[in-house]
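K.L.:
See query14.txt below, with compact mmCIF, N, CA and C atoms.
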```
# COMPACT_ATOMS: atom_id res chain seq x y z
N MET A 28 40.44 64.79 34.45
CA MET A 28 40.46 63.35 34.57
C MET A 28 40.11 62.74 33.22
N ALA A 29 41.03 62.05 32.65
CA ALA A 29 40.82 61.47 31.33
C ALA A 29 40.16 60.10 31.45
N THR A 30 39.30 59.83 30.50
CA THR A 30 38.67 58.52 30.47
C THR A 30 39.26 57.73 29.32
N THR A 31 39.23 56.43 29.45
CA THR A 31 39.79 55.58 28.40
C THR A 31 38.76 55.42 27.30
N GLN A 32 39.20 55.55 26.07
CA GLN A 32 38.32 55.39 24.94
C GLN A 32 38.95 54.42 23.96
N ALA A 33 38.14 53.60 23.38
CA ALA A 33 38.63 52.62 22.41
C ALA A 33 37.73 52.66 21.20
N PRO A 34 38.29 52.52 20.00
CA PRO A 34 37.43 52.52 18.81
C PRO A 34 36.57 51.28 18.78
N ASP A 35 35.33 51.46 18.39
CA ASP A 35 34.39 50.35 18.26
C ASP A 35 34.55 49.73 16.87
N ARG A 36 33.72 48.74 16.55
CA ARG A 36 33.81 48.09 15.24
C ARG A 36 33.63 49.08 14.09
N ASP A 37 32.77 50.10 14.32
CA ASP A 37 32.54 51.06 13.26
C ASP A 37 33.54 52.22 13.29
N GLY A 38 34.55 52.16 14.17
CA GLY A 38 35.58 53.18 14.23
C GLY A 38 35.27 54.35 15.12
N VAL A 39 34.07 54.39 15.74
CA VAL A 39 33.68 55.50 16.61
C VAL A 39 34.22 55.23 18.00
N LYS A 40 34.82 56.26 18.61
CA LYS A 40 35.33 56.10 19.97
C LYS A 40 34.18 56.23 20.96
N ARG A 41 34.11 55.27 21.86
CA ARG A 41 33.07 55.29 22.88
C ARG A 41 33.74 55.22 24.24
N ASP A 42 33.09 55.80 25.24
CA ASP A 42 33.63 55.82 26.59
C ASP A 42 33.42 54.45 27.22
N GLU A 43 34.48 53.82 27.69
CA GLU A 43 34.37 52.49 28.31
C GLU A 43 34.08 52.56 29.80
N SER A 44 34.35 53.70 30.44
CA SER A 44 34.23 53.75 31.88
C SER A 44 32.79 53.93 32.35
N ARG A 45 31.95 54.59 31.55
CA ARG A 45 30.57 54.83 31.96
C ARG A 45 29.64 54.67 30.77
N GLY A 46 28.43 54.24 31.02
CA GLY A 46 27.45 54.17 29.96
C GLY A 46 26.72 55.49 29.79
N TYR A 47 26.61 56.26 30.85
CA TYR A 47 25.90 57.53 30.83
C TYR A 47 26.91 58.66 30.81
N MET A 48 26.87 59.47 29.80
CA MET A 48 27.80 60.61 29.70
C MET A 48 26.99 61.90 29.69
N PRO A 49 27.22 62.80 30.63
CA PRO A 49 26.51 64.07 30.60
C PRO A 49 26.99 64.93 29.44
N ILE A 50 26.15 65.87 29.03
CA ILE A 50 26.51 66.77 27.94
C ILE A 50 27.68 67.65 28.35
N ILE A 51 27.62 68.20 29.56
CA ILE A 51 28.70 69.02 30.09
C ILE A 51 29.28 68.28 31.29
N ASP A 52 30.55 67.98 31.25
CA ASP A 52 31.19 67.21 32.32
C ASP A 52 31.71 68.17 33.39
N LEU A 53 30.97 68.28 34.47
CA LEU A 53 31.33 69.14 35.60
C LEU A 53 31.51 68.28 36.84
N PRO A 54 32.14 68.80 37.88
CA PRO A 54 32.25 68.02 39.12
C PRO A 54 30.88 67.62 39.67
N PHE A 55 29.88 68.49 39.53
CA PHE A 55 28.54 68.16 40.02
C PHE A 55 27.97 66.96 39.26
N SER A 56 28.22 66.89 37.95
CA SER A 56 27.70 65.75 37.20
C SER A 56 28.41 64.46 37.61
N ARG A 57 29.66 64.53 38.00
CA ARG A 57 30.35 63.35 38.51
C ARG A 57 29.77 62.91 39.85
N LEU A 58 29.39 63.88 40.68
CA LEU A 58 28.83 63.56 41.99
C LEU A 58 27.43 62.95 41.89
N THR A 59 26.70 63.29 40.85
CA THR A 59 25.31 62.87 40.76
C THR A 59 25.06 61.78 39.72
N GLU A 60 26.10 61.25 39.09
CA GLU A 60 25.87 60.29 38.02
C GLU A 60 25.29 58.97 38.52
N HIS A 61 25.45 58.65 39.80
CA HIS A 61 24.89 57.40 40.32
C HIS A 61 23.41 57.54 40.69
N TRP A 62 22.85 58.72 40.56
CA TRP A 62 21.44 58.90 40.92
C TRP A 62 20.50 58.15 40.00
N ILE A 63 20.89 57.86 38.78
CA ILE A 63 19.99 57.20 37.85
C ILE A 63 20.27 55.70 37.77
N THR A 64 21.11 55.18 38.63
CA THR A 64 21.41 53.75 38.66
C THR A 64 21.35 53.25 40.09
N TRP A 65 21.51 51.94 40.26
CA TRP A 65 21.57 51.31 41.57
C TRP A 65 22.99 50.88 41.88
N GLN A 66 23.99 51.45 41.21
CA GLN A 66 25.36 50.98 41.33
C GLN A 66 26.02 51.33 42.66
N ASP A 67 25.43 52.18 43.46
CA ASP A 67 26.02 52.49 44.75
C ASP A 67 25.30 51.79 45.90
N GLY A 68 24.41 50.86 45.60
CA GLY A 68 23.64 50.20 46.63
C GLY A 68 23.82 48.70 46.63
N SER A 69 22.93 48.04 47.31
CA SER A 69 23.02 46.58 47.45
C SER A 69 22.56 45.84 46.20
N CYS A 70 21.91 46.52 45.27
CA CYS A 70 21.40 45.87 44.06
C CYS A 70 22.31 46.08 42.86
N ALA A 71 23.54 46.48 43.10
CA ALA A 71 24.47 46.77 42.00
C ALA A 71 24.73 45.52 41.16
N ASP A 72 24.93 44.37 41.80
CA ASP A 72 25.21 43.15 41.05
C ASP A 72 24.02 42.72 40.19
N ALA A 73 22.81 42.82 40.75
CA ALA A 73 21.62 42.43 39.99
C ALA A 73 21.41 43.36 38.80
N GLU A 74 21.63 44.65 39.00
CA GLU A 74 21.49 45.59 37.89
C GLU A 74 22.54 45.34 36.82
N MET A 75 23.77 45.06 37.24
CA MET A 75 24.84 44.81 36.27
C MET A 75 24.58 43.53 35.48
N ASP A 76 24.06 42.49 36.14
CA ASP A 76 23.72 41.25 35.42
C ASP A 76 22.68 41.52 34.34
N PHE A 77 21.64 42.29 34.69
CA PHE A 77 20.61 42.61 33.70
C PHE A 77 21.18 43.48 32.58
N ALA A 78 22.01 44.47 32.93
CA ALA A 78 22.57 45.35 31.91
C ALA A 78 23.48 44.59 30.96
N LEU A 79 24.28 43.67 31.47
CA LEU A 79 25.15 42.87 30.61
C LEU A 79 24.34 41.97 29.68
N CYS A 80 23.29 41.36 30.21
CA CYS A 80 22.44 40.51 29.38
C CYS A 80 21.73 41.33 28.32
N ALA A 81 21.17 42.47 28.70
CA ALA A 81 20.47 43.32 27.75
C ALA A 81 21.42 43.87 26.69
N GLY A 82 22.64 44.18 27.08
CA GLY A 82 23.62 44.66 26.12
C GLY A 82 24.05 43.58 25.16
N ARG A 83 24.04 42.34 25.62
CA ARG A 83 24.46 41.22 24.77
C ARG A 83 23.39 40.86 23.74
N VAL A 84 22.11 40.86 24.14
CA VAL A 84 21.06 40.43 23.21
C VAL A 84 20.36 41.58 22.51
N GLY A 85 20.51 42.81 23.00
CA GLY A 85 19.88 43.96 22.37
C GLY A 85 18.59 44.35 23.05
N GLY A 86 18.17 45.57 22.78
CA GLY A 86 16.99 46.11 23.44
C GLY A 86 15.68 45.46 23.04
N MET A 87 15.59 44.94 21.83
CA MET A 87 14.34 44.34 21.37
C MET A 87 14.12 42.96 21.99
N ARG A 88 15.18 42.18 22.17
CA ARG A 88 15.05 40.82 22.71
C ARG A 88 15.24 40.77 24.22
N ALA A 89 15.71 41.85 24.83
CA ALA A 89 16.00 41.84 26.27
C ALA A 89 14.79 41.53 27.16
N PRO A 90 13.60 42.09 26.88
CA PRO A 90 12.47 41.76 27.77
C PRO A 90 12.12 40.28 27.82
N VAL A 91 12.42 39.55 26.76
CA VAL A 91 12.10 38.11 26.73
C VAL A 91 13.27 37.29 27.24
N GLU A 92 14.45 37.53 26.68
CA GLU A 92 15.59 36.67 26.98
C GLU A 92 16.26 37.00 28.32
N CYS A 93 16.09 38.21 28.81
CA CYS A 93 16.72 38.61 30.08
C CYS A 93 15.69 38.78 31.19
N LYS A 94 14.53 38.15 31.04
CA LYS A 94 13.46 38.30 32.03
C LYS A 94 13.89 37.86 33.42
N LYS A 95 14.65 36.79 33.51
CA LYS A 95 15.10 36.28 34.81
C LYS A 95 15.96 37.33 35.52
N PHE A 96 16.90 37.94 34.79
CA PHE A 96 17.76 38.96 35.38
C PHE A 96 16.96 40.21 35.76
N HIS A 97 16.00 40.57 34.90
CA HIS A 97 15.17 41.74 35.20
C HIS A 97 14.31 41.50 36.43
N ASP A 98 13.72 40.31 36.53
CA ASP A 98 12.90 39.99 37.71
C ASP A 98 13.74 39.99 38.99
N ASP A 99 14.97 39.45 38.91
CA ASP A 99 15.85 39.46 40.08
C ASP A 99 16.19 40.90 40.49
N PHE A 100 16.47 41.74 39.51
CA PHE A 100 16.79 43.14 39.81
C PHE A 100 15.60 43.87 40.41
N MET A 101 14.42 43.68 39.86
CA MET A 101 13.22 44.34 40.39
C MET A 101 12.91 43.87 41.81
N GLU A 102 13.12 42.58 42.07
CA GLU A 102 12.89 42.06 43.43
C GLU A 102 13.89 42.67 44.40
N CYS A 103 15.14 42.78 43.99
CA CYS A 103 16.15 43.37 44.85
C CYS A 103 15.85 44.85 45.11
N ALA A 104 15.45 45.56 44.08
CA ALA A 104 15.25 47.00 44.20
C ALA A 104 13.97 47.35 44.94
N TYR A 105 12.87 46.66 44.65
CA TYR A 105 11.56 47.08 45.18
C TYR A 105 10.92 46.08 46.12
N ARG A 106 11.44 44.87 46.23
CA ARG A 106 10.93 43.84 47.16
C ARG A 106 9.43 43.58 46.97
N LEU A 107 8.98 43.48 45.73
CA LEU A 107 7.56 43.29 45.46
C LEU A 107 7.08 41.91 45.88
N LYS A 108 7.83 40.86 45.54
CA LYS A 108 7.44 39.50 45.90
C LYS A 108 7.52 39.29 47.41
N THR A 109 8.54 39.86 48.04
CA THR A 109 8.69 39.73 49.49
C THR A 109 7.53 40.40 50.22
N THR A 110 7.15 41.59 49.75
CA THR A 110 6.04 42.31 50.36
C THR A 110 4.72 41.56 50.17
N ALA A 111 4.51 41.03 48.97
CA ALA A 111 3.28 40.27 48.71
C ALA A 111 3.23 39.02 49.58
N ARG A 112 4.36 38.34 49.73
CA ARG A 112 4.41 37.14 50.58
C ARG A 112 4.13 37.49 52.04
N TYR A 113 4.68 38.60 52.51
CA TYR A 113 4.44 39.04 53.88
C TYR A 113 2.96 39.35 54.10
N LYS A 114 2.34 40.01 53.13
CA LYS A 114 0.92 40.35 53.26
C LYS A 114 0.07 39.07 53.29
N ILE A 115 0.40 38.09 52.45
CA ILE A 115 -0.34 36.83 52.46
C ILE A 115 -0.20 36.14 53.81
N MET A 116 1.01 36.15 54.37
CA MET A 116 1.23 35.52 55.68
C MET A 116 0.44 36.24 56.78
N GLN A 117 0.40 37.57 56.73
CA GLN A 117 -0.35 38.32 57.73
C GLN A 117 -1.85 38.08 57.60
N ASP A 118 -2.36 38.00 56.36
CA ASP A 118 -3.78 37.72 56.15
C ASP A 118 -4.14 36.33 56.66
N GLU A 119 -3.26 35.35 56.43
CA GLU A 119 -3.51 33.99 56.91
C GLU A 119 -3.50 33.95 58.44
N ARG A 120 -2.57 34.67 59.04
CA ARG A 120 -2.51 34.73 60.50
C ARG A 120 -3.79 35.35 61.08
N LYS A 121 -4.25 36.41 60.41
CA LYS A 121 -5.47 37.07 60.87
C LYS A 121 -6.69 36.16 60.69
N LYS A 122 -6.73 35.43 59.55
CA LYS A 122 -7.86 34.54 59.28
C LYS A 122 -7.93 33.40 60.29
N LYS A 123 -6.77 32.85 60.67
CA LYS A 123 -6.74 31.76 61.65
C LYS A 123 -6.87 32.25 63.08
N GLY A 124 -6.72 33.55 63.29
CA GLY A 124 -6.81 34.11 64.63
C GLY A 124 -5.61 33.80 65.50
N LEU A 125 -4.47 33.61 64.91
CA LEU A 125 -3.26 33.31 65.67
C LEU A 125 -2.70 34.58 66.31
N PRO A 126 -2.17 34.45 67.51
CA PRO A 126 -1.57 35.64 68.14
C PRO A 126 -0.23 35.95 67.49
N TYR A 127 0.17 37.19 67.65
CA TYR A 127 1.48 37.59 67.13
C TYR A 127 2.57 37.04 68.04
N MET A 128 3.75 36.86 67.49
CA MET A 128 4.87 36.36 68.27
C MET A 128 5.31 37.43 69.28
N GLU A 129 5.92 36.96 70.36
CA GLU A 129 6.42 37.90 71.36
C GLU A 129 7.57 38.71 70.77
N ARG A 130 7.70 39.93 71.25
CA ARG A 130 8.82 40.73 70.82
C ARG A 130 10.11 40.19 71.43
N PRO A 131 11.20 40.24 70.67
CA PRO A 131 12.47 39.80 71.25
C PRO A 131 12.96 40.83 72.26
N PRO A 132 13.83 40.43 73.17
CA PRO A 132 14.36 41.41 74.12
C PRO A 132 15.09 42.53 73.38
N PRO A 133 15.05 43.75 73.89
CA PRO A 133 15.62 44.89 73.19
C PRO A 133 17.11 44.76 72.89
N ASP A 134 17.85 44.05 73.73
CA ASP A 134 19.29 43.96 73.48
C ASP A 134 19.65 42.90 72.44
N SER A 135 18.66 42.17 71.92
CA SER A 135 18.96 41.16 70.92
C SER A 135 18.86 41.69 69.49
N ILE A 136 18.37 42.90 69.33
CA ILE A 136 18.22 43.50 68.01
C ILE A 136 19.22 44.63 67.87
N ARG A 137 20.00 44.57 66.83
CA ARG A 137 20.99 45.61 66.60
C ARG A 137 20.31 46.77 65.89
N THR A 138 20.22 47.90 66.54
CA THR A 138 19.53 49.05 65.95
C THR A 138 20.46 50.19 65.64
N TRP A 139 21.75 49.99 65.76
CA TRP A 139 22.70 51.07 65.46
C TRP A 139 23.48 50.70 64.21
N THR A 140 24.15 51.68 63.65
CA THR A 140 24.97 51.44 62.48
C THR A 140 26.39 51.91 62.74
N LYS A 141 27.34 51.29 62.08
CA LYS A 141 28.73 51.71 62.20
C LYS A 141 29.04 52.71 61.10
N PHE A 142 29.85 53.65 61.43
CA PHE A 142 30.28 54.62 60.43
C PHE A 142 31.76 54.52 60.23
```
Once more with this new file: its structure as structure tokens, please.
P.N.:
Amino acid sequence: MATTQAPDRDGVKRDESRGYMPIIDLPFSRLTEHWITWQDGSCADAEMDFALCAGRVGGMRAPVECKKFHDDFMECAYRLKTTARYKIMQDERKKKGLPYMERPPPDSIRTWTKF
């Protein structure tokens, strides 16, 4: 399987299809190349936005200028703000002594997945 290569400004050919190139290109490396990225999940767009911004401004300026994209990606990937907000809400509920909401009927929650 050939990949497309184009000369860069300095004349060096770089692979345009992937940013990560294994040393030895085997079928196993093709199967596992998504393990180091979020490109096969729901956070693919957030990761790509951050990667494009970081590639545009460079590695030294990316933490400052691409902070918004990085924060969005981290929230999508790890749900840190959502978890902290949930914990604050639970602590407030416990402090006020409010009862928990009733469980919804079992048939109102979809617990299966389609294949």
K.L.:
Mind pulling up the distance from CA of Ala73 (chain A) to CA of Glu102 (chain A)?
P.N.:
9.4 Å
K.L.:
Tell me which protein, DNA and RNA residues are within 8 Å of Phe100 (chain A), counting only C-alpha atoms, leaving out same-chain ones fewer than 2 positions away, and put them as a list in words.
P.N.:
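Residues meeting the cut-off are Cys70, Ala73, Glu74, Phe77, Phe96, His97, Asp98, Glu102, Cys103 and Ala104 of chain A.
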K.L.:
Quote the spacing between CA of Asp52 (chain A) and CA of Trp65 (chain A) in Å to one decimal place.
P.N.:
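One can read the CA of Asp52 (chain A) to CA of Trp65 (chain A) distance as 20.8 Å.
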K.L.:
Apply DSSP to the structure's backbone, then extract all residues of region 64-98 of chain A labelled alpha helix (DSSP H) and return them as a list in words.
P.N.:
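Taking region 64-98 of chain A and keeping alpha helix (DSSP H) gives Ala71, Asp72, Ala73, Glu74, Met75, Asp76, Phe77, Ala78, Leu79, Cys80, Ala81, Gly82, Arg83, Val84, Ala89, Pro90, Val91, Glu92, Lys94, Lys95, Phe96, His97 and Asp98 of chain A.
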K.L.:
Calculated over only C-alpha atoms, which of the candidates A:Ala89, A:Thr59, A:Asp99, A:Lys108 has the smallest distance to Asp72 (chain A)?
P.N.:
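The closest residue to Asp72 (chain A) is A:Asp99.
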K.L.:
Hey, can you check how far atom N of Thr109 (chain A) sits from CA of Asp67 (chain A)?
P.N.:
21.8 Å
